[in-house]
Each structure stands twice: as structure tokens, then as C-alpha cells.
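Visitor: Here you go, structure_18.cif (mmCIF, C-alpha atoms):
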data_upload
#
loop_
_atom_site.group_PDB
_atom_site.id
_atom_site.type_symbol
_atom_site.label_atom_id
_atom_site.label_comp_id
_atom_site.auth_asym_id
_atom_site.auth_seq_id
_atom_site.Cartn_x
_atom_site.Cartn_y
_atom_site.Cartn_z
ATOM 1 C CA MET A 22 -6.548 -18.006 5.956
ATOM 2 C CA ALA A 23 -4.371 -15.037 6.614
ATOM 3 C CA MET A 24 -6.691 -12.223 5.622
ATOM 4 C CA THR A 25 -9.686 -11.894 7.882
ATOM 5 C CA LEU A 26 -12.564 -9.462 7.856
ATOM 6 C CA HIS A 27 -12.588 -8.135 11.401
ATOM 7 C CA GLN A 28 -15.443 -5.668 11.201
ATOM 8 C CA THR A 29 -17.604 -3.696 8.780
ATOM 9 C CA ALA A 30 -19.417 -0.509 9.772
ATOM 10 C CA THR A 31 -22.067 1.277 7.714
ATOM 11 C CA VAL A 32 -23.405 4.723 8.548
ATOM 12 C CA GLY A 33 -27.124 4.784 9.108
ATOM 13 C CA SER A 34 -29.747 7.382 8.331
ATOM 14 C CA GLY A 35 -28.921 10.749 9.846
ATOM 15 C CA GLY A 36 -25.219 10.286 9.231
ATOM 16 C CA ALA A 37 -22.342 10.109 11.686
ATOM 17 C CA ALA A 38 -19.369 12.211 12.652
ATOM 18 C CA SER A 39 -17.001 9.276 12.307
ATOM 19 C CA ILE A 40 -16.511 5.544 12.151
ATOM 20 C CA GLU A 41 -14.157 4.050 14.674
ATOM 21 C CA PHE A 42 -12.750 0.571 15.110
ATOM 22 C CA THR A 43 -11.486 0.062 18.638
ATOM 23 C CA ASN A 44 -9.730 -2.769 20.411
ATOM 24 C CA VAL A 45 -8.060 -3.875 17.188
ATOM 25 C CA PRO A 46 -6.746 -7.406 17.823
ATOM 26 C CA GLN A 47 -2.977 -7.568 18.139
ATOM 27 C CA THR A 48 -2.774 -10.894 16.356
ATOM 28 C CA GLY A 49 -1.965 -9.722 12.830
ATOM 29 C CA LYS A 50 0.937 -8.388 10.842
ATOM 30 C CA ASP A 51 -0.816 -5.797 8.675
ATOM 31 C CA LEU A 52 -4.148 -3.957 8.525
ATOM 32 C CA LEU A 53 -6.256 -3.158 5.491
ATOM 33 C CA VAL A 54 -9.167 -0.699 5.570
ATOM 34 C CA LEU A 55 -11.497 -0.363 2.586
ATOM 35 C CA LEU A 56 -13.681 2.733 2.463
ATOM 36 C CA SER A 57 -16.705 3.788 0.467
ATOM 37 C CA LEU A 58 -17.304 7.325 1.632
ATOM 38 C CA ARG A 59 -19.543 10.309 1.100
ATOM 39 C CA SER A 60 -19.908 13.327 3.368
ATOM 40 C CA ASN A 61 -21.956 16.488 3.431
ATOM 41 C CA ALA A 62 -18.901 18.645 2.689
ATOM 42 C CA ALA A 63 -19.774 21.704 0.594
ATOM 43 C CA PHE A 64 -17.708 20.394 -2.316
ATOM 44 C CA GLU A 65 -17.830 17.612 -4.829
ATOM 45 C CA VAL A 66 -14.941 15.954 -3.010
ATOM 46 C CA ALA A 67 -14.663 15.043 0.658
ATOM 47 C CA PHE A 68 -11.271 15.366 2.307
ATOM 48 C CA SER A 69 -11.579 12.593 4.798
ATOM 49 C CA ARG A 70 -8.849 11.258 7.010
ATOM 50 C CA ILE A 71 -7.863 8.212 8.960
ATOM 51 C CA ARG A 72 -6.433 8.555 12.427
ATOM 52 C CA LEU A 73 -4.506 5.766 14.092
ATOM 53 C CA ASN A 74 -4.536 5.886 17.900
ATOM 54 C CA SER A 75 -5.668 9.538 17.500
ATOM 55 C CA ASP A 76 -2.396 10.145 15.632
ATOM 56 C CA ASP A 77 -2.663 12.335 12.520
ATOM 57 C CA GLY A 78 0.570 11.253 10.884
ATOM 58 C CA GLU A 79 2.490 12.993 8.131
ATOM 59 C CA GLY A 80 3.340 12.105 4.579
ATOM 60 C CA ILE A 81 3.134 12.863 0.903
ATOM 61 C CA PHE A 82 0.516 12.575 -1.829
ATOM 62 C CA LEU A 83 0.626 12.167 -5.586
ATOM 63 C CA ARG A 84 -2.685 13.187 -7.117
ATOM 64 C CA GLY A 85 -4.199 13.284 -10.586
ATOM 65 C CA SER A 86 -7.309 15.156 -11.657
ATOM 66 C CA GLY A 87 -7.623 14.074 -15.253
ATOM 67 C CA SER A 88 -5.932 17.244 -16.479
ATOM 68 C CA ALA A 89 -3.094 17.818 -14.027
ATOM 69 C CA VAL A 90 -0.780 16.003 -11.657
ATOM 70 C CA SER A 91 0.237 17.416 -8.320
ATOM 71 C CA SER A 92 2.125 16.337 -5.268
ATOM 72 C CA GLY A 93 2.774 17.701 -1.828
ATOM 73 C CA SER A 94 3.290 16.899 1.795
ATOM 74 C CA TYR A 95 0.834 16.900 4.658
ATOM 75 C CA SER A 96 1.240 17.000 8.397
ATOM 76 C CA SER A 97 -2.281 16.385 9.598
ATOM 77 C CA ALA A 98 -3.694 13.403 7.858
ATOM 78 C CA ASN A 99 -5.766 14.179 4.781
ATOM 79 C CA LEU A 100 -5.582 10.726 3.468
ATOM 80 C CA ALA A 101 -8.670 9.307 1.929
ATOM 81 C CA GLU A 102 -10.905 10.496 -0.866
ATOM 82 C CA GLY A 103 -14.659 10.592 -0.745
ATOM 83 C CA SER A 104 -17.559 12.246 -2.458
ATOM 84 C CA GLY A 105 -18.818 15.501 -1.021
ATOM 85 C CA GLY A 106 -22.339 16.758 -0.583
ATOM 86 C CA GLU A 107 -22.326 18.510 -3.968
ATOM 87 C CA ALA A 108 -21.467 15.373 -5.863
ATOM 88 C CA THR A 109 -24.064 13.565 -7.942
ATOM 89 C CA ALA A 110 -26.465 11.642 -5.767
ATOM 90 C CA ASN A 111 -25.420 8.113 -4.865
ATOM 91 C CA THR A 112 -21.751 8.622 -5.751
ATOM 92 C CA PHE A 113 -19.190 7.508 -3.207
ATOM 93 C CA GLY A 114 -15.414 7.790 -3.252
ATOM 94 C CA ASN A 115 -13.297 4.741 -2.561
ATOM 95 C CA SER A 116 -10.073 4.332 -0.651
ATOM 96 C CA SER A 117 -7.819 1.449 0.252
ATOM 97 C CA PHE A 118 -5.630 1.975 3.302
ATOM 98 C CA TYR A 119 -2.763 -0.440 4.030
ATOM 99 C CA LEU A 120 -0.772 -0.382 7.244
ATOM 100 C CA SER A 121 2.101 -2.778 7.739
ATOM 101 C CA ASN A 122 3.632 -4.079 10.963
ATOM 102 C CA TYR A 123 0.944 -2.400 13.060
ATOM 103 C CA THR A 124 1.867 -4.059 16.339
ATOM 104 C CA SER A 125 5.475 -2.903 16.232
ATOM 105 C CA SER A 126 6.987 -0.344 18.575
ATOM 106 C CA THR A 127 8.276 1.845 15.762
ATOM 107 C CA LYS A 128 6.623 4.532 13.644
ATOM 108 C CA LYS A 129 4.058 2.929 11.349
ATOM 109 C CA SER A 130 4.254 3.204 7.584
ATOM 110 C CA TYR A 131 1.023 3.286 5.594
ATOM 111 C CA SER A 132 -0.215 3.659 2.037
ATOM 112 C CA VAL A 133 -3.551 4.889 0.699
ATOM 113 C CA ASP A 134 -4.903 4.466 -2.810
ATOM 114 C CA ALA A 135 -7.992 6.595 -3.331
ATOM 115 C CA THR A 136 -10.312 7.797 -6.031
ATOM 116 C CA THR A 137 -13.487 9.761 -6.485
ATOM 117 C CA GLU A 138 -15.450 10.645 -9.579
ATOM 118 C CA ASN A 139 -18.435 12.901 -10.115
ATOM 119 C CA ASN A 140 -20.170 12.370 -13.409
ATOM 120 C CA GLY A 141 -17.202 13.621 -15.420
ATOM 121 C CA THR A 142 -16.974 17.007 -13.696
ATOM 122 C CA VAL A 143 -14.505 16.119 -10.976
ATOM 123 C CA VAL A 144 -12.159 13.202 -11.051
ATOM 124 C CA ARG A 145 -9.433 12.649 -8.518
ATOM 125 C CA THR A 146 -7.166 9.751 -7.906
ATOM 126 C CA ALA A 147 -4.464 9.823 -5.322
ATOM 127 C CA LEU A 148 -1.616 7.813 -3.918
ATOM 128 C CA ASN A 149 -0.790 8.796 -0.369
ATOM 129 C CA SER A 150 2.006 7.525 1.813
ATOM 130 C CA GLY A 151 2.864 8.422 5.343
ATOM 131 C CA VAL A 152 4.085 7.531 8.771
ATOM 132 C CA THR A 153 2.591 7.963 12.205
ATOM 133 C CA TYR A 154 4.134 10.315 14.723
ATOM 134 C CA GLY A 155 3.718 7.781 17.500
ATOM 135 C CA THR A 156 5.311 4.389 17.980
ATOM 136 C CA ALA A 157 2.690 2.510 19.991
ATOM 137 C CA ALA A 158 0.939 -0.523 18.574
ATOM 138 C CA ILE A 159 -2.207 0.467 16.727
ATOM 139 C CA THR A 160 -5.350 -0.323 18.696
ATOM 140 C CA SER A 161 -7.856 2.060 17.127
ATOM 141 C CA VAL A 162 -8.681 3.314 13.635
ATOM 142 C CA LEU A 163 -10.883 6.382 13.195
ATOM 143 C CA ILE A 164 -12.373 7.565 9.889
ATOM 144 C CA GLU A 165 -13.794 11.077 9.735
ATOM 145 C CA ASP A 166 -14.294 14.093 7.517
ATOM 146 C CA VAL A 167 -13.303 16.919 9.798
ATOM 147 C CA GLY A 168 -16.128 19.359 10.380
ATOM 148 C CA ASP A 169 -18.511 17.431 8.178
ATOM 149 C CA THR A 170 -20.840 14.485 8.558
ATOM 150 C CA LEU A 171 -20.380 11.068 7.003
ATOM 151 C CA LEU A 172 -23.545 10.329 5.090
ATOM 152 C CA GLN A 173 -25.718 7.253 5.115
ATOM 153 C CA TYR A 174 -24.275 4.157 3.423
ATOM 154 C CA THR A 175 -20.703 5.252 3.979
ATOM 155 C CA THR A 176 -18.973 1.954 4.698
ATOM 156 C CA ALA A 177 -15.652 0.966 6.213
ATOM 157 C CA SER A 178 -14.267 -2.546 6.490
ATOM 158 C CA LEU A 179 -11.249 -3.527 8.561
ATOM 159 C CA TYR A 180 -9.249 -6.595 7.554
ATOM 160 C CA ILE A 181 -6.472 -8.161 9.555
ATOM 161 C CA ILE A 182 -3.687 -9.811 7.593
ATOM 162 C CA SER A 183 -1.744 -12.339 9.614
ATOM 163 C CA MET B 6 -18.360 -8.948 1.417
ATOM 164 C CA PRO B 7 -16.294 -11.964 0.388
ATOM 165 C CA THR B 8 -12.860 -12.201 1.923
ATOM 166 C CA PRO B 9 -9.954 -12.785 -0.473
ATOM 167 C CA THR B 10 -7.855 -15.707 0.601
ATOM 168 C CA TYR B 11 -4.279 -14.873 1.431
ATOM 169 C CA ASP B 12 -2.014 -17.688 2.561
ATOM 170 C CA LEU B 13 1.173 -16.683 4.308
ATOM 171 C CA LEU B 14 3.972 -18.519 2.480
ATOM 172 C CA ASN B 15 7.004 -16.963 4.082
ATOM 173 C CA SER B 16 7.836 -14.475 6.832
ATOM 174 C CA THR B 17 11.396 -13.263 7.153
ATOM 175 C CA VAL B 18 12.519 -10.925 9.922
ATOM 176 C CA LEU B 19 16.169 -9.928 9.946
ATOM 177 C CA SER B 20 17.990 -10.335 13.239
ATOM 178 C CA THR B 21 20.917 -8.331 11.886
ATOM 179 C CA SER B 22 21.363 -5.984 8.950
ATOM 180 C CA ALA B 23 21.710 -7.598 5.536
ATOM 181 C CA ALA B 24 22.244 -6.677 1.895
ATOM 182 C CA SER B 25 19.528 -8.993 0.652
ATOM 183 C CA ILE B 26 16.543 -11.113 1.540
ATOM 184 C CA THR B 27 15.820 -14.213 -0.520
ATOM 185 C CA ILE B 28 12.647 -16.267 -0.561
ATOM 186 C CA THR B 29 13.047 -19.662 -2.175
ATOM 187 C CA SER B 30 10.946 -22.710 -2.973
ATOM 188 C CA ILE B 31 7.794 -20.739 -3.678
ATOM 189 C CA PRO B 32 5.045 -23.239 -4.459
ATOM 190 C CA SER B 33 3.371 -22.925 -7.852
ATOM 191 C CA SER B 34 -0.116 -23.669 -6.623
ATOM 192 C CA TYR B 35 -1.383 -20.105 -6.246
ATOM 193 C CA ARG B 36 -2.682 -17.619 -8.778
ATOM 194 C CA ASP B 37 -0.803 -14.496 -7.670
ATOM 195 C CA LEU B 38 1.752 -13.422 -5.101
ATOM 196 C CA VAL B 39 1.817 -10.409 -2.812
ATOM 197 C CA ALA B 40 5.043 -9.476 -1.058
ATOM 198 C CA VAL B 41 4.974 -6.855 1.692
ATOM 199 C CA VAL B 42 8.312 -5.331 2.632
ATOM 200 C CA ASN B 43 8.459 -3.334 5.850
ATOM 201 C CA ALA B 44 12.035 -2.161 6.162
ATOM 202 C CA LYS B 45 14.464 0.645 6.774
ATOM 203 C CA SER B 46 17.981 1.262 5.610
ATOM 204 C CA SER B 47 21.089 0.332 7.528
ATOM 205 C CA SER B 48 23.386 2.491 5.412
ATOM 206 C CA THR B 49 23.522 4.570 2.275
ATOM 207 C CA GLY B 50 24.059 3.066 -1.130
ATOM 208 C CA GLY B 51 21.567 0.238 -0.887
ATOM 209 C CA SER B 52 19.202 0.752 -3.786
ATOM 210 C CA ILE B 53 16.241 -1.558 -3.319
ATOM 211 C CA GLN B 54 15.692 -3.865 -6.273
ATOM 212 C CA VAL B 55 14.047 -7.185 -7.072
ATOM 213 C CA ARG B 56 15.219 -10.171 -9.080
ATOM 214 C CA PHE B 57 13.421 -13.423 -9.856
ATOM 215 C CA ASN B 58 14.729 -16.971 -10.115
ATOM 216 C CA GLY B 59 18.319 -15.779 -9.771
ATOM 217 C CA ASP B 60 18.008 -14.410 -13.277
ATOM 218 C CA GLY B 61 20.524 -11.597 -13.753
ATOM 219 C CA GLY B 62 19.866 -11.255 -17.472
ATOM 220 C CA SER B 63 18.492 -8.158 -19.158
ATOM 221 C CA ASN B 64 14.915 -9.298 -18.649
ATOM 222 C CA TYR B 65 13.368 -6.590 -16.510
ATOM 223 C CA ASN B 66 11.319 -3.668 -17.813
ATOM 224 C CA ASP B 67 9.469 -1.096 -15.781
ATOM 225 C CA ILE B 68 7.825 2.287 -15.575
ATOM 226 C CA ILE B 69 7.775 4.317 -12.386
ATOM 227 C CA VAL B 70 5.707 7.289 -11.270
ATOM 228 C CA GLU B 71 6.661 8.842 -7.989
ATOM 229 C CA ALA B 72 6.607 12.021 -5.971
ATOM 230 C CA SER B 73 8.988 13.082 -3.257
ATOM 231 C CA ILE B 74 9.021 15.966 -0.857
ATOM 232 C CA ALA B 75 12.545 16.734 -2.014
ATOM 233 C CA SER B 76 12.006 16.834 -5.776
ATOM 234 C CA GLY B 77 8.304 16.756 -6.688
ATOM 235 C CA THR B 78 6.863 14.431 -9.298
ATOM 236 C CA ASN B 79 8.906 12.225 -11.556
ATOM 237 C CA THR B 80 8.335 9.443 -14.041
ATOM 238 C CA VAL B 81 10.837 7.188 -15.712
ATOM 239 C CA SER B 82 10.824 3.985 -17.676
ATOM 240 C CA GLY B 83 13.490 1.479 -18.496
ATOM 241 C CA SER B 84 13.931 -1.707 -20.449
ATOM 242 C CA SER B 85 16.354 -4.574 -20.408
ATOM 243 C CA ARG B 86 17.398 -3.943 -16.862
ATOM 244 C CA THR B 87 18.970 -6.677 -14.784
ATOM 245 C CA ASN B 88 16.605 -6.034 -11.855
ATOM 246 C CA LEU B 89 13.256 -4.456 -11.264
ATOM 247 C CA ILE B 90 13.722 -0.964 -9.850
ATOM 248 C CA THR B 91 11.584 -0.077 -6.841
ATOM 249 C CA LEU B 92 12.524 3.539 -6.163
ATOM 250 C CA TRP B 93 14.060 5.925 -8.653
ATOM 251 C CA GLY B 94 14.838 9.446 -7.447
ATOM 252 C CA GLN B 95 15.813 8.352 -3.973
ATOM 253 C CA SER B 96 16.519 4.719 -4.463
ATOM 254 C CA GLU B 97 17.489 3.820 -0.919
ATOM 255 C CA LEU B 98 15.176 3.133 1.952
ATOM 256 C CA GLY B 99 15.003 5.720 4.715
ATOM 257 C CA THR B 100 15.750 5.619 8.397
ATOM 258 C CA ILE B 101 12.084 5.157 9.307
ATOM 259 C CA ASN B 102 10.334 1.980 8.289
ATOM 260 C CA SER B 103 8.958 2.052 4.766
ATOM 261 C CA THR B 104 6.313 -0.136 3.192
ATOM 262 C CA ILE B 105 6.570 -1.593 -0.281
ATOM 263 C CA ILE B 106 3.871 -3.876 -1.669
ATOM 264 C CA TYR B 107 4.596 -6.020 -4.732
ATOM 265 C CA GLN B 108 1.798 -7.775 -6.598
ATOM 266 C CA ILE B 109 3.055 -10.454 -8.957
ATOM 267 C CA GLN B 110 0.342 -11.693 -11.267
ATOM 268 C CA GLU B 111 0.148 -15.276 -12.512
ATOM 269 C CA TYR B 112 3.673 -15.940 -11.340
ATOM 270 C CA SER B 113 3.587 -19.638 -12.098
ATOM 271 C CA GLN B 114 2.211 -19.473 -15.643
ATOM 272 C CA THR B 115 4.672 -20.729 -18.245
ATOM 273 C CA ASP B 116 2.965 -19.140 -21.243
ATOM 274 C CA LYS B 117 3.401 -15.485 -20.390
ATOM 275 C CA HIS B 118 5.774 -12.881 -19.057
ATOM 276 C CA LYS B 119 5.165 -11.841 -15.456
ATOM 277 C CA SER B 120 3.589 -8.502 -14.554
ATOM 278 C CA VAL B 121 4.508 -6.810 -11.322
ATOM 279 C CA LEU B 122 2.673 -3.870 -9.754
ATOM 280 C CA THR B 123 4.529 -2.094 -6.996
ATOM 281 C CA ARG B 124 3.312 0.445 -4.476
ATOM 282 C CA VAL B 125 5.917 2.379 -2.509
ATOM 283 C CA ASN B 126 5.800 4.382 0.673
ATOM 284 C CA LYS B 127 9.275 5.538 1.652
ATOM 285 C CA ASP B 128 8.923 6.741 5.236
ATOM 286 C CA GLY B 129 6.309 9.319 4.308
ATOM 287 C CA THR B 130 8.683 11.271 2.074
ATOM 288 C CA VAL B 131 8.294 9.421 -1.214
ATOM 289 C CA VAL B 132 5.122 7.969 -2.688
ATOM 290 C CA GLY B 133 5.072 6.001 -5.894
ATOM 291 C CA MET B 134 3.936 3.143 -7.987
ATOM 292 C CA SER B 135 5.434 1.151 -10.786
ATOM 293 C CA ALA B 136 4.507 -1.458 -13.320
ATOM 294 C CA GLY B 137 7.095 -4.003 -14.307
ATOM 295 C CA ARG B 138 7.483 -6.932 -16.631
ATOM 296 C CA TYR B 139 9.771 -9.872 -16.084
ATOM 297 C CA ALA B 140 10.455 -11.106 -19.593
ATOM 298 C CA SER B 141 10.468 -14.784 -18.845
ATOM 299 C CA THR B 142 7.985 -17.598 -19.216
ATOM 300 C CA SER B 143 9.509 -19.522 -16.353
ATOM 301 C CA ALA B 144 7.461 -19.943 -13.218
ATOM 302 C CA ILE B 145 8.798 -17.804 -10.396
ATOM 303 C CA ASP B 146 10.033 -19.858 -7.484
ATOM 304 C CA THR B 147 12.619 -17.496 -6.002
ATOM 305 C CA ILE B 148 12.514 -13.779 -5.188
ATOM 306 C CA LEU B 149 15.602 -11.795 -4.256
ATOM 307 C CA PHE B 150 15.245 -8.384 -2.626
ATOM 308 C CA THR B 151 18.455 -6.396 -2.553
ATOM 309 C CA GLY B 152 19.147 -3.270 -0.560
ATOM 310 C CA ALA B 153 20.740 -2.268 2.711
ATOM 311 C CA PHE B 154 18.240 -3.662 5.159
ATOM 312 C CA ALA B 155 18.495 -2.808 8.840
ATOM 313 C CA ALA B 156 17.833 -5.333 11.585
ATOM 314 C CA ASN B 157 14.132 -6.037 12.143
ATOM 315 C CA SER B 158 13.342 -5.364 8.500
ATOM 316 C CA ARG B 159 10.814 -7.904 7.329
ATOM 317 C CA VAL B 160 9.230 -9.452 4.270
ATOM 318 C CA GLU B 161 5.955 -11.332 4.198
ATOM 319 C CA LEU B 162 5.030 -13.309 1.096
ATOM 320 C CA TYR B 163 1.411 -14.273 0.522
ATOM 321 C CA GLY B 164 -0.069 -16.618 -2.016
ATOM 322 C CA ILE B 165 -3.458 -15.617 -3.422
ATOM 323 C CA VAL B 166 -5.666 -18.609 -3.848
ATOM 324 C CA SER B 167 -7.043 -19.033 -7.329
#
Would you write out, as C-alpha cells, the structure that this file holds?
Guide:
Amino acid sequence: MAMTLHQTATVGSGGAASIEFTNVPQTGKDLLVLLSLRSNAAFEVAFSRIRLNSDDGEGIFLRGSGSAVSSGSYSSANLAEGSGGEATANTFGNSSFYLSNYTSSTKKSYSVDATTENNGTVVRTALNSGVTYGTAAITSVLIEDVGDTLLQYTTASLYIIS
Amino acid sequence: MPTPTYDLLNSTVLSTSAASITITSIPSSYRDLVAVVNAKSSSTGGSIQVRFNGDGGSNYNDIIVEASIASGTNTVSGSSRTNLITLWGQSELGTINSTIIYQIQEYSQTDKHKSVLTRVNKDGTVVGMSAGRYASTSAIDTILFTGAFAANSRVELYGIVS
């Protein structure tokens, strides 16, 4: 077995500012984080992010909305997609975050595939790619929606691929 | 949440720069393959491409969608190539480690052509995905990655248990 579920965290009633995995074992080659996310952001979409060792990272996105395609760069991680507080009840956005060679002493390269949908009114799917600013081995993974609260049943799972 | 079963079949880490990485003797006992390339370029001119079973015939077809900080969004398709193309607009790897994930579906089936889904993160400056078809009914037992790989570049090949 080379892909192991390390930990799953689910936000309880009342919400949470973030989900954080700490003390990530240094025994793997790659990390995979799967997210099902909804926040109380005042939009239909939540602009959540993943921070590695408190490092924002920088990169590029390619995004489709159903009617247009856009791309652009970012310098403070805006990586994942989730449903915001104005989305239809019970809808959650999904993201898959893949980080390779996470114990190396070089900048880390990561990819995010993300999507959110709100009853036909807002649809977004995005491919994001980036690198960390820092070079230290990754020991913590933080998921948050800056300034907003992650709502109940938001779930994050961390897998270690070795 | 059930954990998909990945078996590590091969791990190659380059001790010196190289123009190619070859994985041979891939067992046919899995359903799918996933190859994770974490690499950077040692020089210019090393377009990263993939070839199966040493087959240099015109048997590779693909479509690529990508975005780069330098040139925005781009899509291109090609048929009867002699390799699968991984990156189009900026075909070489960068000087910071990049991550490329190849998913090769039903690689050992002898009654169908092989589909390949590729997800690219070029050092946070290019994001993309592609779908490819290897027009052969032969089981895949060898994968050749060509490029200009710097030392410490690595490839992990996983078999997905059926």
C-alpha cells in the first residue's frame, strides 16, 4: 500500500476558521489533500486557500465558468474552490490538491483541480499550479477561507503517497 | 472513506542530468498506471515528451489546454505524432521543480487504444492538462520520458489495483 489516509477532519457545528494538519509524517514522497468546502463568504463561491508551512506560494490558474475561460497569476495562494454562504443550501465545492516531493529541500511544486457549482447559476472549474516560496520540508497543511468561516461539514482528508 | 490502492512499481531519481528516463518491465497485473514526474530542466531545448513500448511510429494523438503567465491561454491538438506532447507553448521544463502527473488507463488491455490524461504544473508559470491516445492495442510495458532532466529529477510509477 503506497497511498495512505493519514487524517480526515470535518468542521463541526459553529464552523471553524481553518483546518490544519500538523506534524505531517516525513515518510512519503507526495501528499494529496481532498477538500469538500463551504464557507460563509458573502458570495456563491468561496476563495479558499491552502498554506504549506504558513507559506502562501505563487502560481497560475486556468479557470472556466461555463461561458468564459480565464487565466492569471497569483502571489498569495488562492488555490481551492468552495461554495460560499450565498450558494444553495448543502452545496459544497470540491478540490484535489497534489504536492510532489514534499520532503525535499527545494521549492515545492503543487497542482490543484477544483470545482464548484450552484444550481446552474454559478459554475467554476479551475486548474491551479504553483510553487512554494520556501524550501523546507512540508510539516503542516492549513486550509482556510481568509476572513470567513468554514461551515459545518466542510471536510479535508490528507493522504500520504509513499 | 475507502483508500485507493497505489502500489509503487518504480522510483527513479537521477544522480546526474539525463536526456531521458525509461521505465521497463512494467507488470500487466494492474488496472491503471499513474506516473508522477518531479523534475527541472538542465538546459534549454529539452521538450518533455512520452513514448510507449519504444514505439516511434505515428501513433500518438493529443489535445492540450494550457495557460502560461507569458502568453495566456492556449489550446492545440495533434494527430499522428511520434510522441505524446506534455507541454506546448513552453515545452521545456523550468529551473524550479515542476510536477507532471500522467494517468494511463487500462494500459495492459489488448483490445483498445490507451488513453492518457496529463496534468502539468511547470514551476508555477504554466498550468495545463491534456488528453492523449496511444493508437496501439499492445499492452504497455515500457515508458520513455524524454527531456533535459537535471540531477535529482525523479519519476515515480504507481500501479492502481483493479
Visitor: At a cut-off of 9 Å, which residues of chain A touch chain B? Count all atoms listed in the file and give the answer as a short mmCIF file (atom, residue, chain, number, x, y, z; two decimals) with C-alpha atoms, in the frame of the given file.
Guide:
data_model
loop_
_atom_site.label_atom_id
_atom_site.label_comp_id
_atom_site.auth_asym_id
_atom_site.auth_seq_id
_atom_site.Cartn_x
_atom_site.Cartn_y
_atom_site.Cartn_z
CA MET A 22 -6.55 -18.01 5.96
CA ALA A 23 -4.37 -15.04 6.61
CA MET A 24 -6.69 -12.22 5.62
CA THR A 25 -9.69 -11.89 7.88
CA LEU A 26 -12.56 -9.46 7.86
CA LYS A 50 0.94 -8.39 10.84
CA GLY A 78 0.57 11.25 10.88
CA GLU A 79 2.49 12.99 8.13
CA GLY A 80 3.34 12.10 4.58
CA ILE A 81 3.13 12.86 0.90
CA PHE A 82 0.52 12.58 -1.83
CA LEU A 83 0.63 12.17 -5.59
CA VAL A 90 -0.78 16.00 -11.66
CA SER A 91 0.24 17.42 -8.32
CA SER A 92 2.12 16.34 -5.27
CA GLY A 93 2.77 17.70 -1.83
CA SER A 94 3.29 16.90 1.80
CA LEU A 120 -0.77 -0.38 7.24
CA SER A 121 2.10 -2.78 7.74
CA ASN A 122 3.63 -4.08 10.96
CA THR A 127 8.28 1.84 15.76
CA LYS A 128 6.62 4.53 13.64
CA LYS A 129 4.06 2.93 11.35
CA SER A 130 4.25 3.20 7.58
CA TYR A 131 1.02 3.29 5.59
CA SER A 132 -0.22 3.66 2.04
CA LEU A 148 -1.62 7.81 -3.92
CA ASN A 149 -0.79 8.80 -0.37
CA SER A 150 2.01 7.52 1.81
CA GLY A 151 2.86 8.42 5.34
CA VAL A 152 4.08 7.53 8.77
CA THR A 153 2.59 7.96 12.20
CA TYR A 180 -9.25 -6.60 7.55
CA ILE A 182 -3.69 -9.81 7.59
CA SER A 183 -1.74 -12.34 9.61
#
Visitor: For Ala158 of chain A, list every protein, DNA or RNA residue within 6 Å, evaluated using all atoms listed in the file, and leave out those in the same chain fewer than 5 positions away; present the list as a PyMOL selection string.
Guide: chain A and resi 123-125
Visitor: Residues picked by the PyMOL selection byres ((chain B and resi 158) around 10) here, as a count of residues only?
Guide: 23
Visitor: Evaluate the PyMOL selection byres ((chain A and resi 37-42) around 10) against this structure - the residues, as a VMD selection string, please.
Guide: chain A and resid 27 to 36 43 to 45 60 69 to 73 160 to 173 175 to 179
Visitor: Would you pick out the contacts of segment 61-63 of chain B at 6 Å or less, using all atoms listed in the file, so that residues sharing its chain but fewer than 4 positions from it are not included, and give the list as a PyMOL selection string?
Guide: chain B and resi 85-87
Visitor: Between A:Ala110, A:Ala157, A:Ala147, A:Ala101, which is the closest to Val54 of chain A once you count all atoms listed in the file?
Guide: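 Looking only at the distances to Val54 of chain A, the closest residue turns out to be A:Ala101.
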Visitor: For atom CA of Asn74 of chain A and atom CA of Tyr154 of chain A, determine how far apart the two atoms are, in Å to one decimal place.
Guide: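 So the answer is 10.2 Å.
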Visitor: Which residues are close to Val121 of chain B, i.e. within 7 Å by all atoms listed in the file, leaving aside same-chain residues fewer than 4 positions away? Reply as an NGL selection string.
Guide: :B and (107-110 or 136-138)
Visitor: Under the PyMOL selection byres ((chain B and resi 141) around 8), which residues of this model are included? Write them out as a VMD selection string.
Guide: chain B and resid 64 117 to 119 139 to 140 142 to 143
Visitor: Using the selection just defined, write its residues with C-alpha atoms as a PDB file, in the frame of the given file.
Guide:
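Generated output (selection-v1.pdb):
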ATOM      1  CA  ASN B  64      14.915  -9.298 -18.649  1.00  0.00           C
ATOM      2  CA  LYS B 117       3.401 -15.485 -20.390  1.00  0.00           C
ATOM      3  CA  HIS B 118       5.774 -12.881 -19.057  1.00  0.00           C
ATOM      4  CA  LYS B 119       5.165 -11.841 -15.456  1.00  0.00           C
ATOM      5  CA  TYR B 139       9.771  -9.872 -16.084  1.00  0.00           C
ATOM      6  CA  ALA B 140      10.455 -11.106 -19.593  1.00  0.00           C
ATOM      7  CA  THR B 142       7.985 -17.598 -19.216  1.00  0.00           C
ATOM      8  CA  SER B 143       9.509 -19.522 -16.353  1.00  0.00           C
TER       9      SER B 143
END
Visitor: How many Å separate atom CA of Ala89 of chain A from atom CA of Gly99 of chain B?
Guide: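 Straight-line distance from atom CA of Ala89 of chain A to atom CA of Gly99 of chain B works out to 28.7 Å.
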Visitor: Mind pulling up the distance from atom CA of Asn66 of chain B to atom CA of Phe150 of chain B?
Guide: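 Pair atom CA of Phe150 of chain B / atom CA of Asn66 of chain B returns 16.4 Å.
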Visitor: Counting only C-alpha atoms, figure out which residue out of B:Ser16, B:Gln114, B:Asn88, B:Ser135 gets nearest to Tyr35 of chain B.
Guide: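 Closest candidate: B:Gln114.
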Visitor: Give the answer as one residue: which of A:Leu100, A:Ala108, A:Ile181, A:Val143 has the shortest atom-to-atom distance to Asn61 of chain A, using all atoms listed in the file?
Guide: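 Between A:Leu100, A:Ala108, A:Ile181, A:Val143, the residue approaching Asn61 of chain A most closely is A:Ala108.
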Visitor: Edge lengths and centre, in Å to one decimal, as JSON: that's what I need for the box along x, y and z that holds all listed atoms of segment 52-60 of chain B plus 5 Å on each side.
Guide:
{"center_x": 16.3, "center_y": -8.1, "center_z": -8.3, "size_x": 15.8, "size_y": 27.7, "size_z": 20.0}
